[in-house]
file protein-v9.txt (compact mmCIF, C-alpha atoms)
# COMPACT_ATOMS: atom_id res chain seq x y z
CA MET A 18 0.00 0.00 0.00
CA LEU A 19 1.00 3.61 -0.55
CA PHE A 20 0.33 6.42 1.89
CA VAL A 21 0.21 9.98 0.62
CA GLY A 22 0.22 13.16 2.67
CA ASP A 23 -1.38 16.02 0.74
CA ASP A 24 -0.87 19.49 2.25
CA TRP A 25 -3.15 21.63 0.13
CA ALA A 26 -3.11 25.32 -0.61
CA GLU A 27 -5.15 27.43 -2.99
CA GLY A 28 -2.73 27.05 -5.88
CA HIS A 29 -0.66 23.93 -5.16
CA HIS A 30 -0.33 20.68 -3.19
CA ASP A 31 2.78 19.47 -1.34
CA LEU A 32 2.96 15.68 -1.40
CA GLN A 33 4.87 12.95 0.40
CA VAL A 34 4.54 9.29 -0.61
CA GLU A 35 5.44 6.54 1.87
CA ASP A 36 5.27 2.75 1.86
CA ASP A 37 3.76 0.65 4.64
CA GLN A 38 7.07 0.75 6.57
CA GLY A 39 7.20 4.53 6.60
CA ARG A 40 10.01 4.81 4.05
CA VAL A 41 9.79 8.00 2.00
CA LEU A 42 9.38 7.13 -1.67
CA ALA A 43 8.82 10.56 -3.13
CA ARG A 44 8.26 14.20 -2.29
CA GLY A 45 7.00 16.89 -4.60
CA ARG A 46 4.70 19.79 -5.32
CA VAL A 47 1.94 19.76 -7.94
CA ASP A 48 -0.30 22.56 -9.10
CA GLU A 49 -4.00 22.72 -8.43
CA GLY A 50 -6.04 21.73 -11.47
CA ILE A 51 -6.07 19.11 -14.20
CA ALA A 52 -2.33 19.25 -14.89
CA GLY A 53 -1.59 18.78 -11.20
CA MET A 54 -3.98 15.84 -10.94
CA VAL A 55 -2.33 14.16 -13.94
CA ARG A 56 1.07 14.61 -12.27
CA PHE A 57 -0.38 13.19 -9.03
CA HIS A 58 -1.51 10.04 -10.85
CA GLU A 59 1.92 9.69 -12.49
CA LEU A 60 3.70 10.06 -9.15
CA VAL A 61 1.56 7.38 -7.54
CA ALA A 62 1.85 5.04 -10.54
CA GLU A 63 5.65 5.05 -10.26
CA PHE A 64 5.47 3.11 -6.98
CA LEU A 65 2.20 1.22 -7.32
CA GLY A 66 2.46 -2.41 -8.39
CA ASP A 67 1.14 -3.52 -11.76
CA ASP A 68 -1.57 -5.65 -10.19
CA ALA A 69 -2.55 -3.06 -7.54
CA GLY A 70 -5.58 -0.87 -7.84
CA PRO A 71 -6.28 2.69 -6.71
CA GLU A 72 -7.83 1.36 -3.49
CA GLU A 73 -4.25 0.54 -2.40
CA VAL A 74 -3.50 4.27 -2.22
CA VAL A 75 -4.45 6.01 1.06
CA ILE A 76 -4.42 9.80 1.09
CA GLY A 77 -4.57 12.20 4.04
CA ILE A 78 -5.71 15.78 3.39
CA GLU A 79 -7.14 18.50 5.64
CA THR A 80 -10.40 18.99 3.73
CA ASP A 81 -13.31 16.87 2.55
CA ARG A 82 -14.63 19.00 -0.30
CA GLY A 83 -13.64 20.77 -3.47
CA PRO A 84 -12.83 19.64 -7.02
CA TRP A 85 -9.47 18.16 -5.99
CA VAL A 86 -10.99 15.83 -3.38
CA ALA A 87 -13.81 14.95 -5.79
CA ALA A 88 -11.22 13.97 -8.42
CA LEU A 89 -9.33 11.79 -5.91
CA LEU A 90 -12.53 9.99 -4.95
CA ALA A 91 -13.53 9.57 -8.59
CA ALA A 92 -10.15 7.94 -9.27
CA GLY A 93 -10.89 5.33 -6.58
CA TYR A 94 -8.33 6.39 -3.96
CA VAL A 95 -9.09 6.04 -0.25
CA VAL A 96 -9.20 9.58 1.11
CA PHE A 97 -9.22 10.59 4.77
CA ALA A 98 -10.19 14.15 5.71
CA VAL A 99 -7.91 14.89 8.69
CA ASN A 100 -9.00 17.43 11.27
CA PRO A 101 -6.34 20.20 11.36
CA LYS A 102 -6.22 20.02 15.17
CA LEU A 103 -5.49 16.28 15.02
CA ALA A 104 -2.77 16.89 12.43
CA ALA A 105 -1.21 19.57 14.64
CA ARG A 106 -1.12 17.19 17.62
CA HIS A 107 0.44 14.45 15.50
CA ARG A 108 3.04 16.90 14.17
CA GLU A 109 4.17 17.53 17.75
CA SER A 110 4.83 13.81 18.20
CA LEU A 111 7.07 13.81 15.12
CA SER A 112 8.95 17.04 15.80
CA LEU A 113 9.52 18.39 19.30
CA SER A 114 11.17 21.53 17.96
CA GLY A 115 7.86 22.89 16.69
CA ALA A 116 9.20 23.42 13.18
CA LYS A 117 6.47 23.71 10.57
CA ASP A 118 6.36 24.09 6.82
CA ASP A 119 4.43 22.62 3.90
CA LYS A 120 6.78 19.65 3.52
CA THR A 121 6.51 18.87 7.22
CA ASP A 122 2.74 19.02 7.03
CA ALA A 123 2.70 16.59 4.08
CA ARG A 124 4.97 14.25 6.04
CA THR A 125 2.67 14.52 9.08
CA LEU A 126 -0.42 13.65 7.07
CA ALA A 127 1.26 10.67 5.39
CA ASP A 128 2.44 9.28 8.73
CA LEU A 129 -0.95 9.92 10.31
CA VAL A 130 -2.94 7.93 7.74
CA ARG A 131 -0.29 5.18 7.76
CA THR A 132 -0.32 4.65 11.53
CA ARG A 133 -3.74 5.82 12.70
CA ARG A 134 -6.13 5.43 9.78
CA HIS A 135 -8.20 3.00 11.85
CA GLN A 136 -9.15 6.01 14.00
CA LEU A 137 -10.10 8.19 11.03
CA ARG A 138 -13.24 8.30 8.94
CA PRO A 139 -12.78 7.99 5.18
CA VAL A 140 -14.37 10.57 2.94
CA THR A 141 -17.41 9.10 1.23
CA ALA A 142 -18.85 10.91 -1.72
CA ASP A 143 -22.40 12.19 -1.47
CA SER A 144 -24.71 11.97 -4.45
CA GLU A 145 -24.78 14.84 -6.91
CA LEU A 146 -28.31 15.66 -5.76
CA ALA A 147 -27.20 15.97 -2.13
CA ASP A 148 -24.23 18.14 -3.12
CA GLY A 149 -26.56 20.37 -5.10
CA VAL A 150 -28.91 20.71 -2.13
CA LYS A 151 -25.93 21.60 0.08
CA VAL A 152 -24.75 24.38 -2.23
CA LEU A 153 -28.21 25.93 -2.47
CA ALA A 154 -29.17 25.48 1.20
CA ARG A 155 -25.92 26.99 2.46
CA ALA A 156 -26.16 29.92 0.05
CA HIS A 157 -29.77 30.56 1.08
CA GLN A 158 -28.85 30.50 4.77
CA SER A 159 -25.87 32.79 4.17
CA LEU A 160 -28.06 35.36 2.41
CA ILE A 161 -30.50 35.34 5.34
CA GLN A 162 -27.61 35.89 7.74
CA GLU A 163 -26.30 38.72 5.56
CA ARG A 164 -29.73 40.35 5.61
CA THR A 165 -29.74 40.20 9.40
CA ARG A 166 -26.28 41.78 9.56
CA HIS A 167 -27.27 44.63 7.26
CA LEU A 168 -30.54 45.10 9.15
CA LEU A 169 -28.60 45.59 12.38
CA ARG A 170 -26.24 48.02 10.66
CA LEU A 171 -29.20 49.96 9.29
CA ARG A 172 -30.84 50.13 12.70
CA ALA A 173 -27.59 51.27 14.34
CA ALA A 174 -27.11 54.01 11.76
CA LEU A 175 -30.69 55.29 12.08
CA ARG A 176 -30.37 55.39 15.82
CA GLU A 177 -27.34 57.67 15.49
CA TYR A 178 -28.91 60.35 13.32
CA PHE A 179 -32.60 59.58 12.59
CA PRO A 180 -34.32 58.03 15.66
CA ALA A 181 -37.72 59.15 14.37
CA ALA A 182 -37.42 56.55 11.59
CA LEU A 183 -37.14 53.75 14.15
CA VAL A 184 -40.35 54.92 15.78
CA ALA A 185 -42.21 55.42 12.51
CA TYR A 186 -41.06 52.28 10.67
CA GLN A 187 -41.26 49.77 13.54
CA GLN A 188 -44.87 50.16 14.58
CA GLY A 189 -47.55 47.56 13.96
CA THR A 190 -46.49 45.11 11.26
CA LEU A 191 -43.89 47.41 9.75
CA THR A 192 -40.28 46.20 9.79
CA LEU A 193 -37.03 47.75 8.63
CA THR A 194 -36.59 45.01 6.00
CA GLY A 195 -40.07 45.49 4.53
CA ALA A 196 -40.30 46.64 0.94
CA ASP A 197 -42.41 49.66 1.93
CA VAL A 198 -40.01 50.85 4.64
CA LEU A 199 -36.98 50.39 2.41
CA ALA A 200 -38.69 52.31 -0.38
CA LEU A 201 -39.45 55.21 1.97
CA LEU A 202 -35.90 55.22 3.36
CA ALA A 203 -34.49 55.24 -0.16
CA LYS A 204 -36.75 58.15 -1.08
CA ALA A 205 -36.20 60.14 2.12
CA PRO A 206 -33.08 59.06 4.05
CA THR A 207 -32.81 62.28 6.13
CA PRO A 208 -35.12 63.62 8.84
CA ALA A 209 -35.84 66.77 6.80
CA ALA A 210 -36.77 64.83 3.67
CA ALA A 211 -38.84 62.30 5.62
CA ALA A 212 -40.81 65.07 7.30
CA LYS A 213 -41.92 66.26 3.86
CA LEU A 214 -43.39 62.87 2.85
CA THR A 215 -47.09 63.16 2.08
CA ILE A 216 -49.89 60.78 2.97
CA VAL A 217 -50.19 59.88 -0.71
CA GLN A 218 -46.51 58.94 -0.99
CA ILE A 219 -46.55 56.84 2.17
CA THR A 220 -49.79 55.12 1.15
CA ALA A 221 -48.35 54.30 -2.28
CA ALA A 222 -45.35 52.61 -0.64
CA LEU A 223 -47.65 50.58 1.61
CA LYS A 224 -49.77 49.48 -1.36
CA THR A 225 -46.70 48.48 -3.38
CA ALA A 226 -45.59 46.25 -0.52
CA GLY A 227 -48.98 44.53 -0.49
CA ARG A 228 -50.26 46.00 2.76
CA ARG A 229 -53.97 45.61 3.51
CA GLY A 230 -56.44 47.34 5.81
CA ASP A 231 -56.84 51.03 6.57
CA LEU A 232 -53.77 52.31 4.74
CA ALA A 233 -54.68 55.95 5.23
CA GLU A 234 -54.66 55.52 9.01
CA ARG A 235 -51.33 53.71 8.91
CA ALA A 236 -49.84 56.36 6.63
CA ALA A 237 -51.01 59.09 8.98
CA ALA A 238 -49.37 57.34 11.94
CA VAL A 239 -46.09 57.02 10.02
CA GLN A 240 -46.21 60.65 8.94
CA ALA A 241 -46.91 61.83 12.48
CA ALA A 242 -43.96 59.85 13.85
CA LEU A 243 -41.63 61.19 11.15
CA ARG A 244 -42.61 64.77 11.98
CA THR A 245 -42.09 64.36 15.73
CA GLU A 246 -39.14 66.30 17.10
CA HIS A 247 -36.07 64.19 17.97
CA LEU A 248 -32.46 64.84 18.75
CA GLY A 249 -30.39 64.95 15.59
CA GLN A 250 -26.93 65.51 14.13
CA PRO A 251 -25.33 68.43 12.23
CA GLU A 252 -26.21 68.64 8.57
CA ILE A 253 -22.86 67.35 7.29
CA ILE A 254 -22.92 64.31 9.56
CA THR A 255 -26.56 63.67 8.69
CA ALA A 256 -25.69 63.69 4.98
CA ALA A 257 -22.87 61.21 5.58
CA TYR A 258 -25.14 58.86 7.50
CA ALA A 259 -27.81 59.21 4.82
CA ALA A 260 -25.30 58.06 2.19
CA THR A 261 -24.42 54.94 4.19
CA VAL A 262 -28.10 54.21 4.81
CA GLY A 263 -28.81 54.51 1.10
CA SER A 264 -26.16 51.88 0.35
CA THR A 265 -27.47 49.56 3.05
CA VAL A 266 -31.05 49.98 1.80
CA ALA A 267 -29.98 49.06 -1.73
CA ILE A 268 -28.27 45.91 -0.44
CA LEU A 269 -31.33 44.91 1.59
CA GLN A 270 -33.61 45.43 -1.40
CA THR A 271 -31.40 43.13 -3.46
CA LEU A 272 -31.32 40.52 -0.71
CA ASN A 273 -35.11 40.66 -0.40
CA THR A 274 -35.30 39.78 -4.10
CA GLN A 275 -32.64 37.07 -4.14
CA ILE A 276 -33.60 35.18 -0.96
CA PRO A 277 -37.06 34.09 -2.24
CA ALA A 278 -35.55 33.22 -5.63
CA LEU A 279 -32.91 31.03 -3.99
CA GLN A 280 -35.53 29.50 -1.71
CA GLU A 281 -37.38 28.22 -4.77
CA GLY A 282 -34.16 26.58 -5.92
CA VAL A 283 -33.65 24.93 -2.53
CA GLU A 284 -37.18 23.53 -2.47
CA ALA A 285 -36.95 22.26 -6.05
CA SER A 286 -33.57 20.59 -5.52
CA PHE A 287 -34.63 19.05 -2.21
CA GLY A 288 -37.85 17.79 -3.78
CA ARG A 289 -35.89 15.71 -6.32
CA HIS A 290 -33.90 13.80 -3.69
CA PRO A 291 -35.04 10.18 -3.16
CA ASP A 292 -35.11 10.60 0.65
CA VAL A 293 -37.22 13.75 0.60
CA GLU A 294 -40.36 12.02 1.89
CA ILE A 295 -38.48 10.52 4.84
CA TYR A 296 -37.12 13.94 5.81
CA ARG A 297 -40.45 15.68 5.30
CA SER A 298 -42.21 13.08 7.47
CA GLN A 299 -40.11 14.07 10.50
CA PRO A 300 -41.96 16.41 12.90
CA GLY A 301 -40.84 20.01 12.49
CA LEU A 302 -38.95 19.54 9.20
CA GLY A 303 -40.24 21.62 6.29
CA PRO A 304 -38.70 21.99 2.84
CA ILE A 305 -36.03 24.52 3.88
CA LEU A 306 -35.06 23.09 7.25
CA GLY A 307 -35.23 19.56 5.85
CA ALA A 308 -32.92 20.58 3.03
CA ARG A 309 -30.42 22.02 5.51
CA VAL A 310 -30.41 18.83 7.59
CA LEU A 311 -29.95 16.66 4.49
CA ALA A 312 -27.22 18.96 3.18
CA GLU A 313 -25.15 18.79 6.36
CA PHE A 314 -25.61 15.07 7.02
CA GLY A 315 -25.12 14.08 3.38
CA ASP A 316 -26.45 10.88 1.89
CA ALA A 317 -23.35 8.74 1.38
CA PRO A 318 -24.23 5.15 2.36
CA GLY A 319 -22.29 3.81 5.32
CA ARG A 320 -21.00 7.21 6.45
CA TYR A 321 -22.60 6.73 9.88
CA ALA A 322 -22.10 3.25 11.32
CA ASP A 323 -25.00 3.65 13.72
CA ALA A 324 -27.27 6.23 15.30
CA LYS A 325 -24.60 7.11 17.88
CA ALA A 326 -22.12 8.01 15.14
CA ARG A 327 -24.70 10.31 13.51
CA LYS A 328 -25.47 11.92 16.88
CA ASN A 329 -21.77 12.46 17.56
CA TYR A 330 -21.34 14.21 14.23
CA ALA A 331 -24.46 16.26 14.83
CA GLY A 332 -22.98 17.49 18.10
CA THR A 333 -26.09 16.57 20.07
CA ALA A 334 -24.59 13.62 21.98
CA PRO A 335 -23.01 14.69 25.30
CA ILE A 336 -19.37 14.15 26.30
CA THR A 337 -18.54 12.37 29.55
CA ARG A 338 -15.33 13.26 31.38
CA GLN A 339 -14.26 11.08 34.28
CA SER A 340 -11.14 11.14 36.45
CA GLY A 341 -11.10 9.18 39.68
CA LYS A 342 -14.31 9.92 41.55
CA LEU A 343 -15.09 13.00 39.50
CA LYS A 344 -17.48 12.49 36.60
CA THR A 345 -19.04 15.30 34.55
CA VAL A 346 -21.18 15.46 31.43
CA HIS A 347 -20.76 18.33 28.95
CA ALA A 348 -22.27 19.49 25.70
CA ARG A 349 -20.13 19.26 22.57
CA PHE A 350 -18.61 22.54 21.47
CA ILE A 351 -16.71 21.22 18.44
CA HIS A 352 -19.29 20.56 15.77
CA ASN A 353 -20.76 21.56 12.43
CA ASN A 354 -22.25 24.94 13.26
CA ARG A 355 -24.73 24.88 10.39
CA LEU A 356 -26.01 21.44 11.38
CA VAL A 357 -26.30 22.35 15.07
CA ASN A 358 -28.28 25.46 14.14
CA ALA A 359 -30.61 23.40 11.92
CA ILE A 360 -31.17 20.76 14.59
CA ASP A 361 -31.92 23.40 17.22
CA LEU A 362 -34.57 24.94 14.94
CA TRP A 363 -35.85 21.45 14.13
CA ALA A 364 -36.28 20.54 17.80
CA SER A 365 -37.99 23.85 18.53
CA ALA A 366 -40.43 23.40 15.65
CA ALA A 367 -41.10 19.77 16.58
CA THR A 368 -42.30 20.78 20.06
CA LEU A 369 -45.01 22.82 18.35
CA HIS A 370 -46.15 20.19 15.84
CA ASP A 371 -45.86 16.83 17.58
CA ALA A 372 -47.60 15.86 20.83
CA ASP A 373 -44.99 13.21 21.75
CA VAL A 374 -42.12 15.64 21.29
CA ARG A 375 -43.94 18.24 23.35
CA ALA A 376 -44.56 15.71 26.12
CA TYR A 377 -40.86 14.83 26.15
CA TYR A 378 -39.97 18.54 26.28
CA ASP A 379 -42.32 19.10 29.23
CA GLN A 380 -40.81 16.11 31.01
CA LEU A 381 -37.27 17.45 30.55
CA ARG A 382 -38.31 20.88 31.76
CA GLY A 383 -39.94 19.25 34.77
CA ARG A 384 -36.58 17.73 35.68
CA GLY A 385 -35.12 21.22 35.93
CA LEU A 386 -33.42 21.44 32.53
CA GLY A 387 -33.24 24.81 30.81
CA HIS A 388 -34.93 25.50 27.50
CA HIS A 389 -31.83 25.08 25.33
CA ALA A 390 -30.63 21.99 27.21
CA ALA A 391 -34.05 20.41 26.67
CA LEU A 392 -33.98 21.27 22.96
CA ARG A 393 -30.52 19.71 22.69
CA GLN A 394 -31.79 16.44 24.18
CA ILE A 395 -34.84 16.52 21.90
CA GLY A 396 -32.55 17.14 18.93
CA ASN A 397 -30.41 14.18 19.98
CA ARG A 398 -33.51 11.95 20.06
CA LEU A 399 -34.79 13.26 16.71
CA VAL A 400 -31.42 12.59 15.04
CA GLY A 401 -31.58 9.00 16.25
CA ILE A 402 -35.13 8.63 14.93
CA LEU A 403 -34.09 10.08 11.57
CA HIS A 404 -31.19 7.63 11.38
CA GLY A 405 -33.56 4.71 11.95
CA CYS A 406 -35.97 5.96 9.29
CA LEU A 407 -33.17 6.38 6.74
CA LYS A 408 -31.70 2.98 7.58
CA THR A 409 -35.04 1.16 7.15
CA HIS A 410 -36.39 3.48 4.42
CA THR A 411 -39.57 4.13 6.38
CA LEU A 412 -41.49 7.29 7.19
CA TYR A 413 -41.74 8.74 10.69
CA ASN A 414 -44.22 6.86 12.84
CA PRO A 415 -44.86 8.34 16.32
CA GLN A 416 -45.99 4.98 17.71
CA THR A 417 -42.68 3.40 16.70
CA ALA A 418 -40.49 6.41 17.48
CA TRP A 419 -41.84 6.93 21.01
CA SER A 420 -42.96 3.41 21.92
CA HIS A 421 -40.34 3.21 24.69
CA ARG A 422 -41.89 6.25 26.38
CA ALA A 423 -45.36 4.73 26.21
CA THR A 424 -44.02 1.53 27.81
CA THR A 425 -42.28 3.47 30.57
CA GLN A 426 -45.35 5.56 31.35
CA ALA A 427 -47.56 2.46 31.39
CA ALA A 428 -45.18 0.78 33.85

call {"tool": "encode", "arguments": {"input": "protein-v9.txt", "output": "structure tokens"}}
result
Amino acid sequence: MLFVGDDWAEGHHDLQVEDDQGRVLARGRVDEGIAGMVRFHELVAEFLGDDAGPEEVVIGIETDRGPWVAALLAAGYVVFAVNPKLAARHRESLSLSGAKDDKTDARTLADLVRTRRHQLRPVTADSELADGVKVLARAHQSLIQERTRHLLRLRAALREYFPAALVAYQQGTLTLTGADVLALLAKAPTPAAAAKLTIVQITAALKTAGRRGDLAERAAAVQAALRTEHLGQPEIITAAYAATVGSTVAILQTLNTQIPALQEGVEASFGRHPDVEIYRSQPGLGPILGARVLAEFGDAPGRYADAKARKNYAGTAPITRQSGKLKTVHARFIHNNRLVNAIDLWASAATLHDADVRAYYDQLRGRGLGHHAALRQIGNRLVGILHGCLKTHTLYNPQTAWSHRATTQAA
């Protein structure tokens, strides 16, 4: 067998090839791209036996995605995605001096997969559908997060020079990200200009945004708030703030257009996946949240040996630390942040849509657990249920999923 350490960078890869005894067979650097991949194959072929296949080549690299990793998997190599922290710890066992460079990193990765690959998890390729869902779901979530960031920046700027806008545009169902409010801010970003807005102009903005009800009354309330006296800034500073608000408003208007468009793509891509019905049958999982959970778990067969392995990756399973008589249980803080966020939302939604989940939540709260701790335990249970459904290709059944609780309560 051959063991290859691949220390990757944006434009190149430093490689070290070893045999099963740890002897260095080759070192080199190849470029990122097709030419580099061809050279990689040639370098491996120089030392691979005529009757050996690509599965005899084990590669360690500190990433599990990207075109380079996809090409390695497509070629049939066994690829291990090594956690950078684990690689750093292993480097210390090879070099006490603390020296570090790209060649040393390649050597570390090669030695790590040669001696400790039984402790590592090989990269398994997800289906193209799952990869497509991941790209769209992550992009959609990122745009929502960007909108929240720009909303907070807009609110902070208005508070500094135009506090009347916060009063006028945050009453009733009005929000700073609404199309009507953004249109009014774009038209009148300064207190003086906003005070000149007429009832007709404000009503037109409300109608364009699809508002219903007594628009004249709402417009009058907005106008009155805009014309209320508030502390302000000098004219030059006000103009500067107005310019920044105009830019932020333009960004928010674009995000408001692109987020729904990308949401349609997420729902369409998720709807084509063969496991969509299993995910949608889970309590609290809709098309967007279900797509996020699928995207972060992936669909490669055999990636999770059992429900415990899936829970560990999800970050919902607790960690036990014991030394002598001291034993403590902690939540996991090293995890996939996107997946943890999705599971937290999933557990929260499930308590509102499933009686068994709600009963479990009430039981946990009755034991003295806090809200988030209870949601984490519910998420841990839901991940295990999802794993069983995916393993048996069956839809969620509350009688099966919570039968142990019914037995316990009956006893």

call {"tool": "atom_distance", "arguments": {"input": "protein-v9.txt", "atom1": "CA of Gly83 (chain A)", "atom2": "CA of Arg46 (chain A)"}}
result
18.5 Å

call {"tool": "closest_residue", "arguments": {"input": "protein-v9.txt", "among": "A:Arg309, A:Arg384, A:Arg229, A:Lys342", "to": "Asn354 (chain A)", "atoms": "only C-alpha atoms"}}
result
A:Arg309

call {"tool": "residues_around", "arguments": {"input": "protein-v9.txt", "residues": "Leu89 (chain A)", "least_positions_apart": "3", "cutoff": "10 Å", "atoms": "all atoms listed in the file", "output": "PyMOL selection string"}}
result
chain A and resi 54+57-58+71+76+84-86+92-96

call {"tool": "closest_residue", "arguments": {"input": "protein-v9.txt", "among": "A:Arg40, A:Arg176, A:His347, A:Arg82", "to": "Arg131 (chain A)", "atoms": "all atoms listed in the file"}}
result
A:Arg40

call {"tool": "atom_distance", "arguments": {"input": "protein-v9.txt", "atom1": "CA of Ala87 (chain A)", "atom2": "CA of Asp292 (chain A)"}}
result
22.7 Å

call {"tool": "residues_around", "arguments": {"input": "protein-v9.txt", "residues": "Gln33 (chain A)", "least_positions_apart": "3", "cutoff": "8 Å", "atoms": "all atoms listed in the file", "output": "list in words"}}
result
Val21, Gly22, Asp23, Val41, Leu42, Ala43, Arg44, Gly45, Lys120, Ala123, Arg124 and Ala127 of chain A

call {"tool": "atom_distance", "arguments": {"input": "protein-v9.txt", "atom1": "CA of Gly387 (chain A)", "atom2": "CA of Pro415 (chain A)"}}
result
24.8 Å

call {"tool": "closest_residue", "arguments": {"input": "protein-v9.txt", "among": "A:Glu63, A:Leu403, A:Leu103, A:Leu19", "to": "Asp323 (chain A)", "atoms": "all atoms listed in the file"}}
result
A:Leu403

call {"tool": "closest_residue", "arguments": {"input": "protein-v9.txt", "among": "A:Ser144, A:Thr121, A:Thr411, A:Thr165", "to": "Tyr296 (chain A)", "atoms": "only C-alpha atoms"}}
result
A:Thr411

call {"tool": "residues_around", "arguments": {"input": "protein-v9.txt", "residues": "Asn414 (chain A)", "least_positions_apart": "3", "cutoff": "10 Å", "atoms": "all atoms listed in the file", "output": "number ranges by chain"}}
result
A: 298-300, 402, 406, 411, 417-420
